[in-house]
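Here's the structure, in structure tokens; my notes come after.
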2 protein chains.
Amino acid sequence: MAAGKELSGAVEWRETKLDGTSAKIVPESGLLERVCKSLQGRVSKISRFLEKAWSIGVSDPKKVIHCVKVGLALSLVSLFYYMRPLYEGVGGNAMWAVMTVVVVFEYTVGATLCKCINRATGTLLAGSLGIGVHWVATQSGERFEPIIIGLSVFLLASATTFSRFIPSIKARFDYGALIFILTFSLVSVSGFRVDHKLFDMAHQRLSTVLIGTSICLLISMFFCPVWAGIELHLLIHRNMEKLADSLDGCLAEFFKENNGNDNTVDEQSNKKMQGYKCTLNSKTAEESMANFARWEPSHGAFNFGHPWKQYLKIGAAMRGCACCIESLSSCIDPEVQVPGSVKNNFREVCIRVSSHSSKVLKELVVTMKTMTKSSTTDLTVGEMNFAVQELQNALKSLPIQLLFPTISANNATAETTTEQFAVPLIKILPLATAMSLLIEIAARIEGIVDQVDELADLAEFKPAADNKSKQGQSAIENIDDETMKILQKV
Amino acid sequence: MAAGKELSGAVEWRETKLDGTSAKIVPESGLLERVCKSLQGRVSKISRFLEKAWSIGVSDPKKVIHCVKVGLALSLVSLFYYMRPLYEGVGGNAMWAVMTVVVVFEYTVGATLCKCINRATGTLLAGSLGIGVHWVATQSGERFEPIIIGLSVFLLASATTFSRFIPSIKARFDYGALIFILTFSLVSVSGFRVDHKLFDMAHQRLSTVLIGTSICLLISMFFCPVWAGIELHLLIHRNMEKLADSLDGCLAEFFKENNGNDNTVDEQSNKKMQGYKCTLNSKTAEESMANFARWEPSHGAFNFGHPWKQYLKIGAAMRGCACCIESLSSCIDPEVQVPGSVKNNFREVCIRVSSHSSKVLKELVVTMKTMTKSSTTDLTVGEMNFAVQELQNALKSLPIQLLFPTISANNATAETTTEQFAVPLIKILPLATAMSLLIEIAARIEGIVDQVDELADLAEFKPAADNKSKQGQSAIENIDDETMKILQKV
């Protein structure tokens, strides 16, 4: 039986069963609709995914090239299967070469080199040790052979695994330790079965690994190479640029005059203001890049032995600065209104500190980009410090009278006499905090300057040529003009 | 010729050559000494390394147990070589099982599971696809066979490599994609040579991979398991505890009375103050642990599908707070002396805010540790907000008179009349900044409370039982007493 039932305006068909309960009948078209909807949902999900993948490819074509390189390396190593003389040359063990290429090929040259050297060294060491242990085991009789081999595998695997927890080993030889365990186990354990071919096996494994690694290295280094060092260099000075921009943005936002409806921050400047977050979150990326860069040979302006560790120090100094900017950005609270007259009194000097600070940062960016010692940095730092001094003087020359209730017994009269200029301390708290943080930021920027100077000394940056310094000067003037424009907009 | 020569008290032997130049003769004993010294240096380096390794083992015995587990798993999988029926059962392909164990066994259960599932799925998918491509290639004649295989390897390898750049795939299926490329290349390319055994090969590879992964999983899960989820849980609430400690430490240091020679911070309290840095630097660790924890089955108090992502949000909120503490710690500058009377006026109320804030954090730690909704958290947050309100009231009730030079024309007389209580703004700047940051920290701690509350809702924490809440209360009172002791020391 089926009955029409109206419930709060919606009509639905229910089937009353023999036991008296009734169940809703889902119309066929509803089911179809639902299937359609879920399909639509999936299609839109897939299209979003593809769009994302497309945008990754467009924004960083190097990644696409990397994929082509992997395909190329694999096709090249496949020749060992397609060509009979090559295949027989490695005794049918071409598999190891293919495996090496897949496992070892990484995005940057440094990472690939690190893995190649680790793999080759690990295989060589573990192979010889495995053959040695196997020889000792066979000498000690059939009964003790599996015991000796088993014990040595257990002990060496445990010890090597433990070494992977030690930070200095983890940073450089983690993969090598893994390959060591792998090869040692394979060589010593399989020696138990393939006794007569053990030496051949170890030798073939090593030679195929060498073939695989050399193919990877050749393609990785000579076909649109991506150097970890250059990536690190770019990351650091891009983050520095973002830091300068967010400092400017925060100050501009802080001193923006509220015109009622103009209270929202537009997306563009908000994104600019949030730039410091990149610095805060890039510690791990910096460390791994610096680690890989150490393995790379000379390339472009970077020699082997370039002081990559110094970049980590610069990064750390920048993170300290970014932390202060994060706190500064929290001062921008539209709820707490600093009295306009007080704000105006400090506006100019604060903006001068911030613009000089970001000018120093931008000059450091130029120093890093061109890898030349700028002759004007000292001057700019001096200007920044002078601006800080001015701010401090402004603060010093402005005595404030703290009207403690306990001290001025006649509170009422005190208030009436000073009413005109007296504000509660809380009203100027955001301003005071912002100024204090600005002074701290300037100090921390000096720390960054010191680290960059040390880098310039260690990496022997050339002093900027005269015309270059003029260019730098004009660039800085441009920056200054830009900053002034931003500030004029404020 | 050799001649003794005395130069500023040091005797050295020089050899005069035929061309008149002379060279210093290094005595044999000096060489020996140098060798000894370099040996000594190496020995001390090695002993330092061993000491470090020992301390890692002692501080975290779980790591040592992990190493034993790896050794055990390898010994177990070696049985496939030692026992003839087992060895013949996998057709002499025991190598793949050994390799799987070495590569897949990770420190936490979640990481091992993630790798196991990735490896098995990747192998299965790529194996079947490889066989399919191989069949198509063989059907199309001997001439096109290598071309079709080569092209498919190139295209699939490139596409899969690209997919590893997409964040959502990288986070969960990075290893699977690698294994997919590896297996597909091996199966399809080696099919060119070992045509008749291809199906056997793919089948054996899959079965040995399954044997290896099951050995890893069994040992990893049932022999002293290390769960990524529990590690993440511990990391978060330990960091929270450190945050509370460093907040207390910073405030205590800020309001410490300077007794001349007692200007240095002792190491213990300095270490405590720096605790917030752990929070700042643990983003990557948190992310990878949350990623692995998602794969783990129910264990202890954590179900499958526990809201691990929420831990990342708590971590992010904590980092915001840690940034403010970092800025707060920069206010502790012994060079800028805030006048004692001003400091004393705010000391009590500031310390109240900080102790209530750290009390809230410590209560959250208890909530996380016991996984029960504390009934007192709201109360404690209320107390913290009340303390903040008190601080704000203190700031509001303290009007300050800004003596603008332009406004008070007769500056000199103004100064003389208010001399007694007037201080330049710069003198109270660190105090004002510290207070402002304290208010901000309290606000951010409320953000952490919200995130922990959301976690409690999502993970369905039980409400604390009455006696438990009393225990919690007494624990908090203890904490309070401790804080008070610290503050009394100040």
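Following the order of the structure tokens, chains are lettered A, B, ..., residues in each are numbered from 1, and ligands are numbered from 1.
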Q) Within 10 Å of Ser436 of chain B, counting only C-alpha atoms, which residues qualify if same-chain residues fewer than 4 places away don't, as JSON, numbers by chain? A) {"A": [331, 426, 429, 430, 431, 432, 433, 434], "B": [328, 391, 392, 430, 431, 432, 440, 441]}
| Any idea what the distance is between atom CA of Gln40 of chain B and atom CA of Phe162 of chain A? |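 If I compute the distance from atom CA of Gln40 of chain B to atom CA of Phe162 of chain A, I get 25.8 Å.
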TODO: Between B:Lys462, B:Lys69, B:His299, B:Lys396, single out the one closest to Ser158 of chain A, counting only C-alpha atoms.
DONE: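 Ranked by minimum distance to Ser158 of chain A, first place goes to B:Lys69.
Each of B:Thr100, B:Gln139, B:Thr377, B:Ser327 was checked against chain A using only C-alpha atoms; the smallest atom-to-atom distance is that of B:Ser327.
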Between A:Arg352, A:Asn281, A:Asn344, A:Ile445, smallest distance to Met318 of chain A by only C-alpha atoms belongs to A:Ile445
* To do: Select, from B:Cys67, B:Met289, B:Val449, B:Leu234, the residue with the minimum atom-to-atom distance to chain A, counting only C-alpha atoms.
  =>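 Comparing B:Cys67, B:Met289, B:Val449, B:Leu234 against chain A, the winner is B:Cys67.
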Item checked: Close residues, segment 206-220 of chain B itself excluded, 9 Å, only C-alpha atoms, min 5 positions apart in chain, as number ranges by chain -> B: 66, 69-70, 72-73, 76-77, 90, 93-102, 104-109, 112-113, 115-117, 119-120, 123-124, 127, 201, 225-226
Do a neighbour search on Leu79 of chain A at 10 Å with only C-alpha atoms, toss out local chain neighbours closer than 3 positions, and write the hits as a PyMOL selection string. (chain A and resi 74-76+82-84+86-87+94) or (chain B and resi 146+150+189)
